[in-house]
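Everything below belongs to query.pdb, which stores PDB, N, CA and C atoms.
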ATOM      1  N   MET S 219    -130.339  55.377  56.310
ATOM      2  CA  MET S 219    -129.065  54.833  56.729
ATOM      3  C   MET S 219    -127.995  55.213  55.700
ATOM      4  N   LYS S 220    -126.868  55.669  56.162
ATOM      5  CA  LYS S 220    -125.782  56.071  55.286
ATOM      6  C   LYS S 220    -124.967  54.861  54.874
ATOM      7  N   SER S 221    -124.388  54.969  53.683
ATOM      8  CA  SER S 221    -123.563  53.851  53.218
ATOM      9  C   SER S 221    -122.257  53.797  54.004
ATOM     10  N   PHE S 222    -121.667  52.634  54.027
ATOM     11  CA  PHE S 222    -120.418  52.432  54.742
ATOM     12  C   PHE S 222    -119.324  53.353  54.228
ATOM     13  N   SER S 223    -119.232  53.499  52.907
ATOM     14  CA  SER S 223    -118.156  54.327  52.346
ATOM     15  C   SER S 223    -118.313  55.788  52.732
ATOM     16  N   VAL S 224    -119.568  56.293  52.816
ATOM     17  CA  VAL S 224    -119.787  57.680  53.238
ATOM     18  C   VAL S 224    -119.339  57.848  54.682
ATOM     19  N   GLU S 225    -119.686  56.901  55.519
ATOM     20  CA  GLU S 225    -119.275  56.961  56.922
ATOM     21  C   GLU S 225    -117.748  56.933  57.043
ATOM     22  N   ARG S 226    -117.083  56.102  56.267
ATOM     23  CA  ARG S 226    -115.619  56.027  56.315
ATOM     24  C   ARG S 226    -115.012  57.350  55.899
ATOM     25  N   ARG S 227    -115.566  57.990  54.867
ATOM     26  CA  ARG S 227    -115.029  59.274  54.415
ATOM     27  C   ARG S 227    -115.217  60.352  55.473
ATOM     28  N   ARG S 228    -116.389  60.412  56.082
ATOM     29  CA  ARG S 228    -116.665  61.445  57.084
ATOM     30  C   ARG S 228    -115.808  61.277  58.326
ATOM     31  N   SER S 229    -115.494  60.057  58.675
ATOM     32  CA  SER S 229    -114.685  59.802  59.868
ATOM     33  C   SER S 229    -113.209  60.103  59.623
ATOM     34  N   GLY S 230    -112.845  60.312  58.359
ATOM     35  CA  GLY S 230    -111.443  60.542  58.039
ATOM     36  C   GLY S 230    -110.740  59.270  57.609
ATOM     37  N   GLU S 231    -111.363  58.151  57.868
ATOM     38  CA  GLU S 231    -110.781  56.871  57.500
ATOM     39  C   GLU S 231    -110.674  56.730  55.986
ATOM     40  N   GLY S 232    -111.543  57.402  55.251
ATOM     41  CA  GLY S 232    -111.578  57.270  53.809
ATOM     42  C   GLY S 232    -110.661  58.211  53.053
ATOM     43  N   ARG S 233    -109.805  58.926  53.736
ATOM     44  CA  ARG S 233    -108.947  59.897  53.060
ATOM     45  C   ARG S 233    -108.020  59.277  52.030
ATOM     46  N   ASN S 234    -107.654  58.049  52.198
ATOM     47  CA  ASN S 234    -106.742  57.401  51.267
ATOM     48  C   ASN S 234    -107.456  56.464  50.308
ATOM     49  N   LEU S 235    -108.767  56.562  50.250
ATOM     50  CA  LEU S 235    -109.532  55.739  49.325
ATOM     51  C   LEU S 235    -109.370  56.261  47.907
ATOM     52  N   PRO S 236    -109.627  55.414  46.918
ATOM     53  CA  PRO S 236    -109.603  55.883  45.538
ATOM     54  C   PRO S 236    -110.705  56.907  45.309
ATOM     55  N   CYS S 237    -110.865  57.362  44.088
ATOM     56  CA  CYS S 237    -111.875  58.365  43.759
ATOM     57  C   CYS S 237    -113.261  57.887  44.156
ATOM     58  N   LYS S 238    -114.213  58.804  44.165
ATOM     59  CA  LYS S 238    -115.574  58.500  44.583
ATOM     60  C   LYS S 238    -116.238  57.445  43.720
ATOM     61  N   GLY S 239    -115.878  57.362  42.455
ATOM     62  CA  GLY S 239    -116.547  56.443  41.551
ATOM     63  C   GLY S 239    -115.813  55.141  41.293
ATOM     64  N   CYS S 240    -114.637  54.961  41.881
ATOM     65  CA  CYS S 240    -113.834  53.786  41.544
ATOM     66  C   CYS S 240    -113.482  52.969  42.772
ATOM     67  N   ASP S 241    -113.226  51.742  42.528
ATOM     68  CA  ASP S 241    -112.723  50.835  43.546
ATOM     69  C   ASP S 241    -111.698  49.965  42.834
ATOM     70  N   SER S 242    -110.497  49.899  43.347
ATOM     71  CA  SER S 242    -109.418  49.223  42.640
ATOM     72  C   SER S 242    -109.650  47.729  42.445
ATOM     73  N   GLN S 243    -110.653  47.156  43.088
ATOM     74  CA  GLN S 243    -110.909  45.739  42.864
ATOM     75  C   GLN S 243    -111.587  45.485  41.525
ATOM     76  N   TYR S 244    -112.055  46.529  40.877
ATOM     77  CA  TYR S 244    -112.715  46.390  39.582
ATOM     78  C   TYR S 244    -111.775  46.830  38.468
ATOM     79  N   ASP S 245    -112.045  46.365  37.256
ATOM     80  CA  ASP S 245    -111.267  46.792  36.097
ATOM     81  C   ASP S 245    -111.693  48.208  35.750
ATOM     82  N   ILE S 246    -110.828  49.171  35.966
ATOM     83  CA  ILE S 246    -111.190  50.568  35.792
ATOM     84  C   ILE S 246    -110.490  51.210  34.609
ATOM     85  N   HIS S 247    -109.808  50.435  33.829
ATOM     86  CA  HIS S 247    -109.092  50.976  32.690
ATOM     87  C   HIS S 247    -110.011  51.003  31.472
ATOM     88  N   ILE S 248    -109.959  52.101  30.739
ATOM     89  CA  ILE S 248    -110.818  52.299  29.577
ATOM     90  C   ILE S 248    -109.942  52.440  28.348
ATOM     91  N   SER S 249    -110.281  51.726  27.296
ATOM     92  CA  SER S 249    -109.489  51.811  26.065
ATOM     93  C   SER S 249    -109.659  53.194  25.440
ATOM     94  N   ASP S 250    -108.684  53.587  24.613
ATOM     95  CA  ASP S 250    -108.759  54.872  23.920
ATOM     96  C   ASP S 250    -109.997  54.945  23.031
ATOM     97  N   ALA S 251    -110.327  53.845  22.387
ATOM     98  CA  ALA S 251    -111.507  53.824  21.509
ATOM     99  C   ALA S 251    -112.792  54.025  22.302
ATOM    100  N   LYS S 252    -112.886  53.355  23.436
ATOM    101  CA  LYS S 252    -114.093  53.513  24.261
ATOM    102  C   LYS S 252    -114.177  54.921  24.824
ATOM    103  N   MET S 253    -113.039  55.479  25.230
ATOM    104  CA  MET S 253    -113.029  56.839  25.762
ATOM    105  C   MET S 253    -113.474  57.834  24.687
ATOM    106  N   ALA S 254    -112.963  57.671  23.475
ATOM    107  CA  ALA S 254    -113.361  58.557  22.374
ATOM    108  C   ALA S 254    -114.862  58.454  22.128
ATOM    109  N   ARG S 255    -115.384  57.265  22.202
ATOM    110  CA  ARG S 255    -116.820  57.052  22.013
ATOM    111  C   ARG S 255    -117.624  57.729  23.119
ATOM    112  N   LEU S 256    -117.176  57.639  24.359
ATOM    113  CA  LEU S 256    -117.864  58.284  25.473
ATOM    114  C   LEU S 256    -117.849  59.807  25.335
ATOM    115  N   VAL S 257    -116.731  60.364  24.895
ATOM    116  CA  VAL S 257    -116.645  61.807  24.665
ATOM    117  C   VAL S 257    -117.610  62.208  23.554
ATOM    118  N   GLU S 258    -117.644  61.428  22.487
ATOM    119  CA  GLU S 258    -118.545  61.726  21.361
ATOM    120  C   GLU S 258    -120.003  61.657  21.798
ATOM    121  N   ILE S 259    -120.378  60.674  22.569
ATOM    122  CA  ILE S 259    -121.764  60.548  23.041
ATOM    123  C   ILE S 259    -122.136  61.723  23.940
ATOM    124  N   ALA S 260    -121.259  62.088  24.865
ATOM    125  CA  ALA S 260    -121.534  63.204  25.770
ATOM    126  C   ALA S 260    -121.625  64.528  25.027
ATOM    127  N   SER S 261    -120.923  64.639  23.905
ATOM    128  CA  SER S 261    -120.878  65.882  23.137
ATOM    129  C   SER S 261    -122.067  66.070  22.199
ATOM    130  N   ARG S 262    -122.833  65.053  21.985
ATOM    131  CA  ARG S 262    -123.937  65.126  21.020
ATOM    132  C   ARG S 262    -124.963  66.202  21.331
ATOM    133  N   SER S 263    -125.372  66.291  22.569
ATOM    134  CA  SER S 263    -126.466  67.200  22.907
ATOM    135  C   SER S 263    -126.046  68.330  23.831
ATOM    136  N   ARG S 264    -124.756  68.534  23.980
ATOM    137  CA  ARG S 264    -124.260  69.594  24.859
ATOM    138  C   ARG S 264    -123.245  70.452  24.126
ATOM    139  N   ALA S 265    -123.124  71.683  24.574
ATOM    140  CA  ALA S 265    -122.121  72.587  24.006
ATOM    141  C   ALA S 265    -120.725  72.118  24.425
ATOM    142  N   THR S 266    -119.799  72.181  23.490
ATOM    143  CA  THR S 266    -118.431  71.744  23.765
ATOM    144  C   THR S 266    -117.444  72.884  23.574
ATOM    145  N   VAL S 267    -116.308  72.753  24.210
ATOM    146  CA  VAL S 267    -115.248  73.748  24.066
ATOM    147  C   VAL S 267    -114.458  73.462  22.787
ATOM    148  N   GLY S 268    -113.711  74.451  22.316
ATOM    149  CA  GLY S 268    -112.862  74.272  21.144
ATOM    150  C   GLY S 268    -111.667  73.390  21.455
ATOM    151  N   ASP S 269    -110.973  72.993  20.424
ATOM    152  CA  ASP S 269    -109.829  72.085  20.581
ATOM    153  C   ASP S 269    -108.733  72.651  21.483
ATOM    154  N   ALA S 270    -108.433  73.958  21.344
ATOM    155  CA  ALA S 270    -107.362  74.560  22.148
ATOM    156  C   ALA S 270    -107.726  74.531  23.635
ATOM    157  N   GLU S 271    -108.962  74.882  23.968
ATOM    158  CA  GLU S 271    -109.404  74.877  25.363
ATOM    159  C   GLU S 271    -109.456  73.453  25.907
ATOM    160  N   TYR S 272    -109.903  72.531  25.094
ATOM    161  CA  TYR S 272    -109.954  71.124  25.496
ATOM    162  C   TYR S 272    -108.553  70.620  25.826
ATOM    163  N   GLU S 273    -107.596  70.899  24.987
ATOM    164  CA  GLU S 273    -106.215  70.476  25.236
ATOM    165  C   GLU S 273    -105.635  71.155  26.464
ATOM    166  N   ARG S 274    -105.966  72.425  26.688
ATOM    167  CA  ARG S 274    -105.495  73.147  27.873
ATOM    168  C   ARG S 274    -106.029  72.486  29.142
ATOM    169  N   ARG S 275    -107.316  72.188  29.145
ATOM    170  CA  ARG S 275    -107.925  71.530  30.300
ATOM    171  C   ARG S 275    -107.302  70.160  30.552
ATOM    172  N   LEU S 276    -107.125  69.391  29.501
ATOM    173  CA  LEU S 276    -106.530  68.062  29.653
ATOM    174  C   LEU S 276    -105.095  68.136  30.175
ATOM    175  N   ALA S 277    -104.343  69.141  29.739
ATOM    176  CA  ALA S 277    -102.969  69.308  30.224
ATOM    177  C   ALA S 277    -102.954  69.587  31.723
ATOM    178  N   ILE S 278    -103.896  70.409  32.175
ATOM    179  CA  ILE S 278    -103.994  70.709  33.604
ATOM    180  C   ILE S 278    -104.356  69.441  34.375
ATOM    181  N   CYS S 279    -105.322  68.701  33.872
ATOM    182  CA  CYS S 279    -105.729  67.456  34.541
ATOM    183  C   CYS S 279    -104.594  66.430  34.547
ATOM    184  N   SER S 280    -103.852  66.350  33.464
ATOM    185  CA  SER S 280    -102.750  65.389  33.374
ATOM    186  C   SER S 280    -101.660  65.667  34.404
ATOM    187  N   ALA S 281    -101.486  66.945  34.751
ATOM    188  CA  ALA S 281    -100.470  67.329  35.723
ATOM    189  C   ALA S 281    -100.983  67.269  37.162
ATOM    190  N   CYS S 282    -102.272  67.069  37.341
ATOM    191  CA  CYS S 282    -102.876  67.060  38.675
ATOM    192  C   CYS S 282    -102.538  65.760  39.404
ATOM    193  N   PRO S 283    -102.108  65.837  40.657
ATOM    194  CA  PRO S 283    -101.799  64.627  41.410
ATOM    195  C   PRO S 283    -103.042  63.792  41.744
ATOM    196  N   ASP S 284    -104.212  64.360  41.545
ATOM    197  CA  ASP S 284    -105.453  63.651  41.852
ATOM    198  C   ASP S 284    -106.079  62.985  40.639
ATOM    199  N   LEU S 285    -105.354  62.937  39.528
ATOM    200  CA  LEU S 285    -105.798  62.164  38.371
ATOM    201  C   LEU S 285    -105.439  60.713  38.648
ATOM    202  N   GLN S 286    -106.433  59.848  38.590
ATOM    203  CA  GLN S 286    -106.187  58.443  38.875
ATOM    204  C   GLN S 286    -106.386  57.603  37.626
ATOM    205  N   TYR S 287    -105.528  56.614  37.470
ATOM    206  CA  TYR S 287    -105.604  55.657  36.364
ATOM    207  C   TYR S 287    -105.470  56.331  35.003
ATOM    208  N   GLY S 288    -105.033  57.586  34.976
ATOM    209  CA  GLY S 288    -104.881  58.322  33.729
ATOM    210  C   GLY S 288    -106.184  58.772  33.114
ATOM    211  N   THR S 289    -107.304  58.529  33.792
ATOM    212  CA  THR S 289    -108.608  58.845  33.209
ATOM    213  C   THR S 289    -109.596  59.497  34.160
ATOM    214  N   THR S 290    -109.415  59.313  35.454
ATOM    215  CA  THR S 290    -110.462  59.615  36.415
ATOM    216  C   THR S 290    -110.049  60.653  37.450
ATOM    217  N   CYS S 291    -110.955  61.599  37.709
ATOM    218  CA  CYS S 291    -110.718  62.617  38.733
ATOM    219  C   CYS S 291    -111.087  62.046  40.100
ATOM    220  N   ARG S 292    -110.171  62.118  41.035
ATOM    221  CA  ARG S 292    -110.414  61.600  42.378
ATOM    222  C   ARG S 292    -111.482  62.408  43.115
ATOM    223  N   HIS S 293    -111.654  63.674  42.768
ATOM    224  CA  HIS S 293    -112.577  64.536  43.504
ATOM    225  C   HIS S 293    -114.043  64.295  43.153
ATOM    226  N   CYS S 294    -114.323  63.928  41.920
ATOM    227  CA  CYS S 294    -115.727  63.745  41.539
ATOM    228  C   CYS S 294    -116.011  62.389  40.914
ATOM    229  N   GLY S 295    -114.965  61.653  40.543
ATOM    230  CA  GLY S 295    -115.162  60.342  39.934
ATOM    231  C   GLY S 295    -115.453  60.392  38.444
ATOM    232  N   CYS S 296    -115.357  61.580  37.846
ATOM    233  CA  CYS S 296    -115.666  61.717  36.417
ATOM    234  C   CYS S 296    -114.501  61.259  35.547
ATOM    235  N   LEU S 297    -114.811  60.991  34.308
ATOM    236  CA  LEU S 297    -113.791  60.752  33.294
ATOM    237  C   LEU S 297    -113.369  62.126  32.794
ATOM    238  N   VAL S 298    -112.119  62.502  32.998
ATOM    239  CA  VAL S 298    -111.699  63.869  32.720
ATOM    240  C   VAL S 298    -111.808  64.243  31.245
ATOM    241  N   LYS S 299    -111.630  63.299  30.348
ATOM    242  CA  LYS S 299    -111.741  63.635  28.925
ATOM    243  C   LYS S 299    -113.173  64.021  28.559
ATOM    244  N   VAL S 300    -114.135  63.442  29.226
ATOM    245  CA  VAL S 300    -115.537  63.818  28.993
ATOM    246  C   VAL S 300    -115.805  65.169  29.636
ATOM    247  N   ARG S 301    -115.450  65.314  30.893
ATOM    248  CA  ARG S 301    -115.713  66.558  31.621
ATOM    249  C   ARG S 301    -115.033  67.757  30.953
ATOM    250  N   ALA S 302    -113.791  67.587  30.514
ATOM    251  CA  ALA S 302    -113.035  68.690  29.915
ATOM    252  C   ALA S 302    -113.642  69.161  28.602
ATOM    253  N   LYS S 303    -114.363  68.322  27.916
ATOM    254  CA  LYS S 303    -114.926  68.662  26.614
ATOM    255  C   LYS S 303    -116.185  69.528  26.713
ATOM    256  N   LEU S 304    -116.884  69.480  27.828
ATOM    257  CA  LEU S 304    -118.171  70.156  27.956
ATOM    258  C   LEU S 304    -118.033  71.574  28.503
ATOM    259  N   VAL S 305    -118.677  72.519  27.824
ATOM    260  CA  VAL S 305    -118.590  73.933  28.194
ATOM    261  C   VAL S 305    -119.021  74.168  29.636
ATOM    262  N   GLU S 306    -120.113  73.550  30.054
ATOM    263  CA  GLU S 306    -120.656  73.831  31.383
ATOM    264  C   GLU S 306    -119.861  73.199  32.521
ATOM    265  N   SER S 307    -118.912  72.348  32.219
ATOM    266  CA  SER S 307    -118.130  71.682  33.257
ATOM    267  C   SER S 307    -117.092  72.606  33.864
ATOM    268  N   THR S 308    -116.802  72.343  35.120
ATOM    269  CA  THR S 308    -115.721  73.038  35.811
ATOM    270  C   THR S 308    -114.827  72.001  36.470
ATOM    271  N   CYS S 309    -113.647  72.402  36.801
ATOM    272  CA  CYS S 309    -112.730  71.519  37.529
ATOM    273  C   CYS S 309    -113.254  71.389  38.960
ATOM    274  N   PRO S 310    -113.393  70.170  39.467
ATOM    275  CA  PRO S 310    -113.922  69.978  40.817
ATOM    276  C   PRO S 310    -112.879  70.054  41.937
ATOM    277  N   TYR S 311    -111.673  70.507  41.603
ATOM    278  CA  TYR S 311    -110.624  70.591  42.615
ATOM    279  C   TYR S 311    -111.141  71.407  43.800
ATOM    280  N   PRO S 312    -110.951  70.930  45.011
ATOM    281  CA  PRO S 312    -111.489  71.637  46.179
ATOM    282  C   PRO S 312    -110.998  73.073  46.290
ATOM    283  N   TYR S 313    -111.902  73.939  46.600
ATOM    284  CA  TYR S 313    -111.662  75.351  46.881
ATOM    285  C   TYR S 313    -111.486  76.228  45.651
ATOM    286  N   ALA S 314    -110.966  75.716  44.555
ATOM    287  CA  ALA S 314    -110.779  76.551  43.368
ATOM    288  C   ALA S 314    -110.562  75.683  42.128
ATOM    289  N   SER S 315    -111.259  76.027  41.063
ATOM    290  CA  SER S 315    -111.089  75.313  39.805
ATOM    291  C   SER S 315    -109.677  75.522  39.268
ATOM    292  N   GLN S 316    -109.041  74.455  38.870
ATOM    293  CA  GLN S 316    -107.702  74.561  38.290
ATOM    294  C   GLN S 316    -107.780  75.015  36.825
ATOM    295  N   TRP S 317    -108.982  74.995  36.254
ATOM    296  CA  TRP S 317    -109.164  75.428  34.870
ATOM    297  C   TRP S 317    -109.365  76.925  34.742
ATOM    298  N   ALA S 318    -109.585  77.625  35.850
ATOM    299  CA  ALA S 318    -109.826  79.068  35.787
ATOM    300  C   ALA S 318    -108.673  79.763  35.095
ATOM    301  N   GLN S 319    -109.033  80.725  34.264
ATOM    302  CA  GLN S 319    -107.974  81.437  33.512
ATOM    303  C   GLN S 319    -107.637  82.755  34.133
TER     304      GLN S 319
END

Just give me the structure of the file as structure tokens.
Amino acid sequence: MKSFSVERRRSGEGRNLPCKGCDSQYDIHISDAKMARLVEIASRSRATVGDAEYERRLAICSACPDLQYGTTCRHCGCLVKVRAKLVESTCPYPYASQWAQ
């Protein structure tokens, strides 16, 4: 059986819903300290991009209309500061990565 939210998205009813991982009824704001800690934890065992590339990716995400709450990508539900730091990550924007150079 499919979840209600999946059915709503497939029917088109879910087009105006928040990102896949968030629901506005919950506290979705993350402090800068907690975000820094999450980036550090994710970076421990994975390859990371350099500071210049990280800032470039974050600038693109900051300008994206699908950035929600200043932290979350509407397309995948990820925390963009974590995703942007990891080498293997790509921008999940539909049809084409916005990070492509």

- Message: Would you pick out the contacts of stretch 281-283 of chain S at 12 Å or less, using only C-alpha atoms, so that residues sharing its chain but fewer than 2 positions from it are not included, and give the list as number ranges by chain?
- Response: S: 274-279, 285-293, 298, 309-311, 315-317

- Query: Can you tell me how far atom N of S:Met253 sits from atom N of S:Gln319, in Å to one decimal?
  - Reply: 27.1 Å

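Between atom N of S:Val300 and atom CA of S:Val257 lies a distance of 5.5 Å.
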
- Any chance you could resolve the PyMOL selection byres (((chain S and resi 256 and name CA) around 12) and name CA) against this file and give the residues as a PyMOL selection string? chain S and resi 248-255+257-262+296-301+303

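Restricting the calculation to only C-alpha atoms, the smallest distance between S:Thr266 and any of S:Ser280, S:His247, S:Gly295, S:Ala302 is found for S:Ala302.
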
- Item | Spatial neighbours of S:Val267, max dist 10 Å, only C-alpha atoms, sep filter under 2 positions, as a PyMOL selection string | chain S and resi 261+264-265+269-273+275+302-307

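Atom CA of S:Ala314 is found 15.3 Å from atom C of S:Cys294.
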